[in-house]
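As stored in protein-v1.cif (mmCIF, C-alpha atoms):
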data_coords
loop_
_atom_site.label_atom_id
_atom_site.label_comp_id
_atom_site.auth_asym_id
_atom_site.auth_seq_id
_atom_site.Cartn_x
_atom_site.Cartn_y
_atom_site.Cartn_z
CA MET B 1 0.00 0.00 0.00
CA SER B 2 1.51 3.35 -1.03
CA ARG B 3 1.87 6.15 1.46
CA LEU B 4 -0.51 9.07 1.54
CA SER B 5 1.06 12.22 0.17
CA ALA B 6 0.53 15.61 1.76
CA ALA B 7 -1.84 16.54 -1.07
CA GLU B 8 -3.91 13.36 -0.63
CA THR B 9 -4.04 13.97 3.11
CA LEU B 10 -5.29 17.52 2.63
CA GLU B 11 -7.94 16.22 0.25
CA ARG B 12 -9.19 13.85 2.93
CA LEU B 13 -9.31 16.70 5.47
CA HIS B 14 -11.77 18.39 3.12
CA SER B 15 -13.86 15.25 2.73
CA ASP B 16 -17.47 15.17 3.89
CA ASP B 17 -17.71 11.38 3.67
CA LEU B 18 -16.98 10.60 7.30
CA PRO B 19 -18.19 6.96 7.20
CA ALA B 20 -15.84 6.19 4.30
CA LEU B 21 -12.89 7.78 6.08
CA GLY B 22 -13.71 5.82 9.22
CA ALA B 23 -13.87 2.55 7.32
CA GLU B 24 -10.58 3.28 5.58
CA ALA B 25 -8.84 4.15 8.85
CA ASN B 26 -10.36 1.18 10.66
CA ALA B 27 -8.96 -1.15 8.00
CA VAL B 28 -5.48 0.18 8.77
CA THR B 29 -6.05 -0.32 12.49
CA GLN B 30 -7.19 -3.89 11.89
CA ARG B 31 -4.07 -4.57 9.88
CA LEU B 32 -1.81 -3.19 12.62
CA HIS B 33 -3.86 -4.56 15.53
CA PRO B 34 -5.80 -7.58 14.27
CA GLY B 35 -8.64 -8.82 16.41
CA ASN B 36 -11.16 -7.15 18.65
CA VAL B 37 -9.02 -5.98 21.58
CA ARG B 38 -8.67 -2.27 22.23
CA THR B 39 -6.47 -1.01 25.03
CA TYR B 40 -6.56 1.58 27.81
CA ASN B 41 -4.49 2.49 30.84
CA VAL B 42 -4.87 3.57 34.45
CA GLU B 43 -2.67 6.54 35.28
CA ARG B 44 -2.64 10.01 36.79
CA ASN B 45 -1.60 13.33 35.30
CA ILE B 46 0.45 15.04 38.03
CA ASN B 47 1.25 18.68 37.37
CA TYR B 48 4.09 19.43 39.77
CA THR B 49 3.64 23.19 39.34
CA ASN B 50 1.29 25.58 37.58
CA ILE B 51 3.81 28.43 37.63
CA CYS B 52 4.89 29.15 34.07
CA ILE B 53 6.64 31.92 32.19
CA SER B 54 5.32 30.84 28.80
CA ARG B 55 1.80 32.26 29.13
CA CYS B 56 0.51 30.50 26.02
CA LYS B 57 -2.70 32.02 24.68
CA PHE B 58 -4.45 28.64 24.66
CA CYS B 59 -3.68 27.83 28.31
CA ALA B 60 -6.04 28.37 31.23
CA PHE B 61 -3.88 26.47 33.72
CA CYS B 62 -0.67 28.48 34.14
CA ARG B 63 -0.09 31.11 36.86
CA ASN B 64 2.50 33.71 37.78
CA GLU B 65 4.49 33.16 40.97
CA TYR B 66 2.67 35.90 42.87
CA GLU B 67 -0.88 34.67 42.16
CA PRO B 68 -2.69 33.20 45.18
CA ASP B 69 -3.42 29.85 43.53
CA ALA B 70 0.13 29.34 42.21
CA TYR B 71 1.76 26.21 43.59
CA VAL B 72 4.66 23.79 43.59
CA LEU B 73 3.71 20.37 44.92
CA ASP B 74 5.39 19.36 48.16
CA GLU B 75 6.73 15.84 48.59
CA GLU B 76 3.91 14.68 50.85
CA THR B 77 1.21 15.73 48.39
CA LEU B 78 3.09 14.25 45.45
CA LEU B 79 3.56 10.86 47.10
CA ALA B 80 -0.06 10.78 48.27
CA LYS B 81 -1.20 11.24 44.67
CA ILE B 82 1.04 8.40 43.50
CA GLU B 83 -0.08 6.14 46.35
CA GLU B 84 -3.72 6.61 45.38
CA THR B 85 -2.82 5.85 41.77
CA VAL B 86 -1.07 2.62 42.74
CA GLN B 87 -3.98 1.59 44.96
CA LEU B 88 -6.29 1.98 41.95
CA GLY B 89 -4.04 -0.26 39.87
CA GLY B 90 -2.02 2.40 38.09
CA ARG B 91 1.60 1.71 37.18
CA GLN B 92 2.39 4.97 35.38
CA ILE B 93 2.20 8.66 36.12
CA LEU B 94 2.24 11.49 33.61
CA LEU B 95 4.47 14.14 35.19
CA GLN B 96 4.43 17.61 33.65
CA GLY B 97 4.49 21.20 34.82
CA GLY B 98 4.84 24.80 33.85
CA LEU B 99 8.14 26.43 32.87
CA HIS B 100 9.08 27.60 36.36
CA PRO B 101 11.56 30.49 36.45
CA ALA B 102 13.27 29.66 39.76
CA LEU B 103 13.47 25.92 40.46
CA PRO B 104 17.07 24.60 40.17
CA PHE B 105 17.80 21.58 38.00
CA VAL B 106 18.65 19.47 41.04
CA TRP B 107 15.02 19.97 42.16
CA TYR B 108 13.80 18.03 39.12
CA GLU B 109 16.40 15.29 39.63
CA ASN B 110 15.41 14.95 43.27
CA LEU B 111 11.74 14.85 42.28
CA LEU B 112 12.39 11.80 40.10
CA ARG B 113 14.62 10.11 42.69
CA THR B 114 12.00 10.59 45.39
CA ILE B 115 9.33 8.96 43.24
CA LYS B 116 11.53 6.00 42.27
CA LYS B 117 12.68 5.50 45.87
CA HIS B 118 9.11 5.08 47.08
CA TYR B 119 7.55 3.59 43.92
CA PRO B 120 10.23 1.81 41.87
CA GLU B 121 7.56 -0.08 39.93
CA VAL B 122 5.88 3.08 38.59
CA ASN B 123 6.94 4.34 35.17
CA ILE B 124 7.50 8.10 35.08
CA HIS B 125 6.21 9.37 31.76
CA GLY B 126 7.48 12.86 32.31
CA PHE B 127 8.70 16.23 31.09
CA SER B 128 7.57 17.22 27.62
CA PRO B 129 10.10 18.24 24.94
CA THR B 130 9.25 21.89 25.66
CA GLU B 131 10.20 21.39 29.31
CA ILE B 132 13.44 19.67 28.28
CA ALA B 133 14.29 22.52 25.90
CA TYR B 134 13.57 25.01 28.68
CA PHE B 135 15.81 23.15 31.13
CA ALA B 136 18.63 23.14 28.59
CA GLU B 137 18.41 26.90 28.13
CA GLN B 138 17.76 27.73 31.78
CA PHE B 139 20.64 25.65 33.12
CA ASP B 140 23.09 26.06 30.21
CA LEU B 141 23.11 22.35 29.39
CA SER B 142 22.79 20.40 26.16
CA GLU B 143 19.54 18.58 25.43
CA GLN B 144 21.43 15.31 25.70
CA ALA B 145 22.90 16.19 29.09
CA VAL B 146 19.48 17.13 30.44
CA LEU B 147 17.93 13.91 29.18
CA GLU B 148 20.77 11.71 30.42
CA ARG B 149 20.66 13.22 33.90
CA LEU B 150 16.89 12.91 34.13
CA ARG B 151 17.00 9.32 32.90
CA GLU B 152 19.66 8.49 35.49
CA ALA B 153 17.38 10.00 38.15
CA GLY B 154 14.44 7.82 37.08
CA LEU B 155 12.74 9.21 33.98
CA GLY B 156 11.15 6.36 32.04
CA SER B 157 9.58 7.85 28.91
CA LEU B 158 8.82 11.24 27.39
CA PRO B 159 5.28 12.55 26.76
CA GLY B 160 4.58 14.49 23.59
CA GLY B 161 3.15 17.61 25.20
CA GLY B 162 3.97 21.06 23.91
CA ALA B 163 3.81 20.04 20.26
CA GLU B 164 0.53 21.87 19.63
CA ILE B 165 1.09 22.60 15.92
CA LEU B 166 4.66 22.03 14.71
CA VAL B 167 4.64 25.08 12.47
CA ASP B 168 6.39 28.21 13.68
CA ARG B 169 3.89 30.62 12.15
CA VAL B 170 1.28 29.19 14.50
CA ARG B 171 3.61 28.87 17.46
CA GLN B 172 4.63 32.53 17.19
CA ARG B 173 0.99 33.51 17.44
CA VAL B 174 -0.15 31.22 20.27
CA SER B 175 3.01 30.41 22.27
CA PRO B 176 5.90 32.73 21.28
CA LYS B 177 7.92 32.01 24.43
CA LYS B 178 7.81 28.25 23.93
CA ALA B 179 10.33 26.11 22.05
CA SER B 180 10.20 26.24 18.26
CA ALA B 181 8.89 23.38 16.16
CA GLU B 182 12.44 22.32 15.28
CA ARG B 183 13.47 22.41 18.93
CA TRP B 184 10.56 20.15 19.91
CA LEU B 185 11.61 17.71 17.20
CA SER B 186 15.27 17.99 18.21
CA VAL B 187 14.56 17.00 21.82
CA SER B 188 12.48 14.04 20.64
CA ARG B 189 15.24 13.02 18.21
CA THR B 190 17.90 13.19 20.94
CA TRP B 191 15.78 11.13 23.33
CA HIS B 192 15.16 8.48 20.68
CA ARG B 193 18.87 8.29 19.86
CA LEU B 194 19.54 7.66 23.54
CA GLY B 195 17.23 4.66 23.28
CA GLY B 196 14.22 6.38 24.82
CA ARG B 197 10.63 6.15 23.71
CA SER B 198 8.06 8.92 23.56
CA SER B 199 4.63 9.86 22.31
CA ALA B 200 3.72 12.50 19.75
CA THR B 201 0.76 14.80 20.15
CA MET B 202 -1.17 17.51 18.37
CA MET B 203 -3.58 20.13 19.67
CA PHE B 204 -5.67 21.41 16.79
CA GLY B 205 -8.64 23.65 16.22
CA HIS B 206 -7.22 27.10 17.03
CA LEU B 207 -5.19 29.34 14.68
CA GLU B 208 -3.80 26.74 12.31
CA THR B 209 -4.90 26.01 8.75
CA LEU B 210 -5.66 22.55 7.37
CA GLU B 211 -2.40 22.77 5.43
CA GLU B 212 -0.54 23.35 8.69
CA ARG B 213 -2.20 20.33 10.26
CA VAL B 214 -0.80 18.30 7.39
CA GLU B 215 2.63 19.87 7.85
CA HIS B 216 2.55 18.79 11.50
CA LEU B 217 1.76 15.22 10.48
CA CYS B 218 4.57 15.30 7.91
CA ARG B 219 7.12 16.37 10.50
CA ILE B 220 6.06 13.64 12.90
CA ARG B 221 6.15 10.96 10.19
CA ASP B 222 9.53 12.12 8.92
CA LEU B 223 11.09 11.95 12.40
CA GLN B 224 9.55 8.54 12.98
CA ASP B 225 11.11 7.34 9.71
CA GLU B 226 14.43 8.56 11.06
CA THR B 227 14.32 7.27 14.66
CA GLY B 228 11.38 4.90 15.16
CA GLY B 229 11.03 6.26 18.69
CA PHE B 230 7.39 7.31 18.79
CA THR B 231 5.10 4.69 20.28
CA ALA B 232 1.82 6.57 19.87
CA PHE B 233 0.18 9.63 18.35
CA ILE B 234 -2.50 11.47 20.32
CA PRO B 235 -4.45 14.29 18.67
CA TRP B 236 -6.86 16.38 20.70
CA THR B 237 -8.94 19.50 20.17
CA PHE B 238 -8.25 22.91 21.66
CA GLN B 239 -10.54 23.68 24.60
CA THR B 240 -11.53 27.32 24.49
CA GLY B 241 -12.76 28.13 28.01
CA ASN B 242 -10.91 30.66 30.17
CA THR B 243 -8.24 31.28 27.53
CA GLU B 244 -7.20 34.27 25.41
CA LEU B 245 -8.59 32.40 22.42
CA SER B 246 -12.02 31.81 23.91
CA TYR B 247 -13.63 33.66 20.97
CA LEU B 248 -12.79 30.76 18.65
CA PRO B 249 -15.49 28.18 17.82
CA LYS B 250 -15.00 24.84 19.50
CA VAL B 251 -14.12 21.87 17.30
CA GLY B 252 -16.91 19.30 17.39
CA ALA B 253 -17.03 15.52 17.22
CA TRP B 254 -17.42 15.35 13.43
CA GLU B 255 -14.23 17.26 12.73
CA TYR B 256 -12.40 15.43 15.49
CA LEU B 257 -13.27 12.01 14.10
CA ARG B 258 -12.31 13.08 10.59
CA PHE B 259 -8.89 14.20 11.73
CA LEU B 260 -8.41 11.10 13.87
CA ALA B 261 -9.10 8.90 10.85
CA VAL B 262 -6.77 10.89 8.61
CA SER B 263 -4.03 10.70 11.25
CA ARG B 264 -4.25 6.91 11.24
CA LEU B 265 -4.08 6.83 7.45
CA PHE B 266 -1.09 9.16 7.21
CA LEU B 267 1.04 7.99 10.14
CA ASP B 268 1.70 4.53 8.78
CA ASN B 269 4.89 4.16 10.82
CA ILE B 270 3.45 4.83 14.29
CA PRO B 271 1.90 1.73 15.87
CA THR B 272 -0.76 3.33 18.07
CA VAL B 273 -3.21 6.17 17.57
CA GLN B 274 -5.06 7.18 20.72
CA SER B 275 -8.56 8.59 20.94
CA SER B 276 -9.02 11.65 23.16
CA TRP B 277 -11.99 11.03 25.42
CA VAL B 278 -10.69 13.74 27.80
CA THR B 279 -11.63 16.45 25.29
CA GLN B 280 -14.47 14.70 23.45
CA GLY B 281 -16.20 12.75 26.18
CA LEU B 282 -16.28 9.00 26.69
CA GLN B 283 -18.94 8.25 24.07
CA ILE B 284 -17.12 10.01 21.22
CA GLY B 285 -13.79 8.76 22.54
CA ALA B 286 -15.02 5.18 22.28
CA LEU B 287 -16.48 5.88 18.82
CA GLY B 288 -12.96 6.90 17.82
CA LEU B 289 -12.01 3.23 18.13
CA SER B 290 -13.85 2.76 14.83
CA PHE B 291 -12.11 5.76 13.26
CA GLY B 292 -8.51 4.65 13.45
CA ALA B 293 -7.73 4.59 17.15
CA ASP B 294 -6.65 1.37 18.85
CA ASP B 295 -6.30 2.85 22.34
CA LEU B 296 -8.63 4.96 24.49
CA GLY B 297 -5.91 6.45 26.67
CA SER B 298 -6.17 6.53 30.43
CA ILE B 299 -9.05 6.81 32.86
CA MET B 300 -6.99 9.82 34.06
CA ILE B 301 -7.48 9.75 37.82
CA GLU B 302 -6.46 13.40 37.82
CA GLU B 303 -6.29 15.94 34.98
CA ASN B 304 -5.87 19.68 35.49
CA VAL B 305 -4.88 21.42 32.26
CA VAL B 306 -7.90 20.60 30.10
CA ALA B 307 -10.17 20.95 33.13
CA ALA B 308 -8.90 24.52 33.64
CA ALA B 309 -10.31 25.32 30.20
CA GLY B 310 -13.76 24.20 31.26
CA THR B 311 -13.76 20.60 29.99
CA ALA B 312 -13.83 18.12 32.84
CA PHE B 313 -14.87 14.65 31.69
CA ARG B 314 -14.24 11.96 34.31
CA SER B 315 -14.51 8.18 34.26
CA THR B 316 -13.94 4.99 36.21
CA GLU B 317 -12.26 1.86 34.93
CA PHE B 318 -15.62 0.08 34.90
CA ALA B 319 -17.21 2.83 32.77
CA PHE B 320 -14.18 2.80 30.49
CA CYS B 321 -14.50 -0.91 29.84
CA GLU B 322 -18.25 -0.61 29.30
CA ALA B 323 -17.71 2.16 26.75
CA ILE B 324 -15.20 0.06 24.84
CA ARG B 325 -17.56 -2.94 24.85
CA SER B 326 -20.46 -0.74 23.73
CA ALA B 327 -18.33 0.33 20.76
CA GLY B 328 -17.98 -3.35 19.82
CA TYR B 329 -14.53 -4.12 21.21
CA GLU B 330 -12.93 -6.04 24.04
CA PRO B 331 -11.14 -3.81 26.60
CA LYS B 332 -7.66 -4.69 27.81
CA ARG B 333 -5.51 -2.73 30.22
CA ARG B 334 -2.03 -2.13 28.81
#
Using structure tokens, write down the structure from this file.
Amino acid sequence: MSRLSAAETLERLHSDDLPALGAEANAVTQRLHPGNVRTYNVERNINYTNICISRCKFCAFCRNEYEPDAYVLDEETLLAKIEETVQLGGRQILLQGGLHPALPFVWYENLLRTIKKHYPEVNIHGFSPTEIAYFAEQFDLSEQAVLERLREAGLGSLPGGGAEILVDRVRQRVSPKKASAERWLSVSRTWHRLGGRSSATMMFGHLETLEERVEHLCRIRDLQDETGGFTAFIPWTFQTGNTELSYLPKVGAWEYLRFLAVSRLFLDNIPTVQSSWVTQGLQIGALGLSFGADDLGSIMIEENVVAAAGTAFRSTEFAFCEAIRSAGYEPKRR
């Protein structure tokens, strides 16, 4: 089967035949993941601080140091969150935070060491490429040095946060203080060359064009051809509430499912495409399993960033499994 070109991908993003796109994407999923099993996970998104200098226009979560609800998690609170996660069967935490202007690098190393000391069995899926790029600049270190030191302290894998749209025209408009598209890709490339694995993400439905969505997909596929280090691609829609871009119309389920299907068709070298129930709700998230996704993500015991923008879907493992079964598949925890 020949690869989709950028032009063919753009054509599909203009298509109104959603059932046909879903069937085409589902055929790819069945080829990559034959059978009826669709996976999910139990994990927690721990945001160690909401203090951030970036002030992205799409973010409702970040705070300045002086604001009354600004925080940095203390050790007791952090470990209590992980303990609850473990008690609920979780074996992974997603650890991300704002770009804090004052924490020393040793603070981040000690954070990882503390977690691994108390919970050696828990995988730390932590620090997005934008955080890594910030650490490198803030502490006058190379990307490789930052990643090697964090891995030695206990970092297990790298989440794909901060990608948004990997086109600098868009990034300059929505997050001018954040790492460039090339820098995000560079951190991911360095991590992969060190033997690490990471996810790739995309937040769409704000100031980007359809052509720029395709450019994002191209850059992810090209890097995957080079390194093979991405394990999953997770697209989600921009949530408008409480942000500087709240005037924008919210992307609905139809457009989300169309893009999900096209992502599966284009990213032929990434094994897993994950459906975003956190932004779309559990029903549409489960429907995404018939539009190219083979994984429903995590029940997300805790999630703060999307919730700050006014979208706060919650679920239990039982409800997750029921939703997957209702969509016609057999749930399996990964």
Close residues, region 80-86 of chain B itself excluded, 9 Å, all atoms listed in the file, min 5 positions apart in chain, as a CSV table (one decimal) with C-alpha atoms, keeping the file's coordinate frame:
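What follows is the written file around35.csv:
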chain,number,residue,atom,x,y,z
B,42,VAL,CA,-4.9,3.6,34.4
B,43,GLU,CA,-2.7,6.5,35.3
B,44,ARG,CA,-2.6,10.0,36.8
B,46,ILE,CA,0.4,15.0,38.0
B,75,GLU,CA,6.7,15.8,48.6
B,91,ARG,CA,1.6,1.7,37.2
B,92,GLN,CA,2.4,5.0,35.4
B,93,ILE,CA,2.2,8.7,36.1
B,115,ILE,CA,9.3,9.0,43.2
B,119,TYR,CA,7.6,3.6,43.9
B,122,VAL,CA,5.9,3.1,38.6
B,301,ILE,CA,-7.5,9.8,37.8
B,302,GLU,CA,-6.5,13.4,37.8
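For the set B:Thr29, B:Asn64, B:Ser5, B:Ser186, the residue with the smallest atom-to-atom gap to Asp295 (chain B) is B:Thr29, counting all atoms listed in the file.
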For CA of Trp184 (chain B) and CA of Gly160 (chain B), the interatomic separation in Å (one decimal): 9.0 Å
Selection near region 257-268 of chain B, 8 Å with only C-alpha atoms, sequence-local residues under 3 positions removed, as a PyMOL selection string: chain B and resi 3-5+9+12-13+18+21-22+24-26+28-29+217+221+235+253-254+271+273+275+288+291-293
Hits from the PyMOL selection byres ((chain B and resi 323-329) around 12), listed as a PyMOL selection string: chain B and resi 30+34-40+275+277+281-291+293-297+299+315-322+330-333
Could you write out that same residue set with C-alpha atoms as a PDB file, keeping the file's coordinate frame?
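Okay, selection03.pdb is ready:
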ATOM      1  CA  GLN B  30      -7.190  -3.890  11.890  1.00  0.00           C
ATOM      2  CA  PRO B  34      -5.800  -7.580  14.270  1.00  0.00           C
ATOM      3  CA  GLY B  35      -8.640  -8.820  16.410  1.00  0.00           C
ATOM      4  CA  ASN B  36     -11.160  -7.150  18.650  1.00  0.00           C
ATOM      5  CA  VAL B  37      -9.020  -5.980  21.580  1.00  0.00           C
ATOM      6  CA  ARG B  38      -8.670  -2.270  22.230  1.00  0.00           C
ATOM      7  CA  THR B  39      -6.470  -1.010  25.030  1.00  0.00           C
ATOM      8  CA  TYR B  40      -6.560   1.580  27.810  1.00  0.00           C
ATOM      9  CA  SER B 275      -8.560   8.590  20.940  1.00  0.00           C
ATOM     10  CA  TRP B 277     -11.990  11.030  25.420  1.00  0.00           C
ATOM     11  CA  GLY B 281     -16.200  12.750  26.180  1.00  0.00           C
ATOM     12  CA  LEU B 282     -16.280   9.000  26.690  1.00  0.00           C
ATOM     13  CA  GLN B 283     -18.940   8.250  24.070  1.00  0.00           C
ATOM     14  CA  ILE B 284     -17.120  10.010  21.220  1.00  0.00           C
ATOM     15  CA  GLY B 285     -13.790   8.760  22.540  1.00  0.00           C
ATOM     16  CA  ALA B 286     -15.020   5.180  22.280  1.00  0.00           C
ATOM     17  CA  LEU B 287     -16.480   5.880  18.820  1.00  0.00           C
ATOM     18  CA  GLY B 288     -12.960   6.900  17.820  1.00  0.00           C
ATOM     19  CA  LEU B 289     -12.010   3.230  18.130  1.00  0.00           C
ATOM     20  CA  SER B 290     -13.850   2.760  14.830  1.00  0.00           C
ATOM     21  CA  PHE B 291     -12.110   5.760  13.260  1.00  0.00           C
ATOM     22  CA  ALA B 293      -7.730   4.590  17.150  1.00  0.00           C
ATOM     23  CA  ASP B 294      -6.650   1.370  18.850  1.00  0.00           C
ATOM     24  CA  ASP B 295      -6.300   2.850  22.340  1.00  0.00           C
ATOM     25  CA  LEU B 296      -8.630   4.960  24.490  1.00  0.00           C
ATOM     26  CA  GLY B 297      -5.910   6.450  26.670  1.00  0.00           C
ATOM     27  CA  ILE B 299      -9.050   6.810  32.860  1.00  0.00           C
ATOM     28  CA  SER B 315     -14.510   8.180  34.260  1.00  0.00           C
ATOM     29  CA  THR B 316     -13.940   4.990  36.210  1.00  0.00           C
ATOM     30  CA  GLU B 317     -12.260   1.860  34.930  1.00  0.00           C
ATOM     31  CA  PHE B 318     -15.620   0.080  34.900  1.00  0.00           C
ATOM     32  CA  ALA B 319     -17.210   2.830  32.770  1.00  0.00           C
ATOM     33  CA  PHE B 320     -14.180   2.800  30.490  1.00  0.00           C
ATOM     34  CA  CYS B 321     -14.500  -0.910  29.840  1.00  0.00           C
ATOM     35  CA  GLU B 322     -18.250  -0.610  29.300  1.00  0.00           C
ATOM     36  CA  GLU B 330     -12.930  -6.040  24.040  1.00  0.00           C
ATOM     37  CA  PRO B 331     -11.140  -3.810  26.600  1.00  0.00           C
ATOM     38  CA  LYS B 332      -7.660  -4.690  27.810  1.00  0.00           C
ATOM     39  CA  ARG B 333      -5.510  -2.730  30.220  1.00  0.00           C
TER      40      ARG B 333
END
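Take CA of Gly162 (chain B) and CA of Ala7 (chain B): the distance between them is 26.0 Å.
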Straight-line distance linking CA of Ser157 (chain B) with CA of Met202 (chain B), stated in Å to one decimal: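 For CA of Ser157 (chain B) relative to CA of Met202 (chain B), the distance reads 17.9 Å.
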Sphere at (-8.0, 24.3, 18.6), radius 12 Å, counting only C-alpha atoms: residues as a PyMOL selection string: chain B and resi 57-59+164-165+170+174+202-210+213+235-241+243+245-252+255-256+279+309
Nearest to Gln138 (chain B) by atom-to-atom distance, counting all atoms listed in the file, from B:Arg55, B:His125, B:His100, B:Arg334: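 Among the listed residues, the smallest separation from Gln138 (chain B) belongs to B:His100.
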Best match for closeness to Ile53 (chain B) among B:Ser128, B:Asn269, B:Ser175, B:Gln96, counting all atoms listed in the file: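 Checking each of B:Ser128, B:Asn269, B:Ser175, B:Gln96 against Ile53 (chain B), counting all atoms listed in the file, the winner is B:Ser175.
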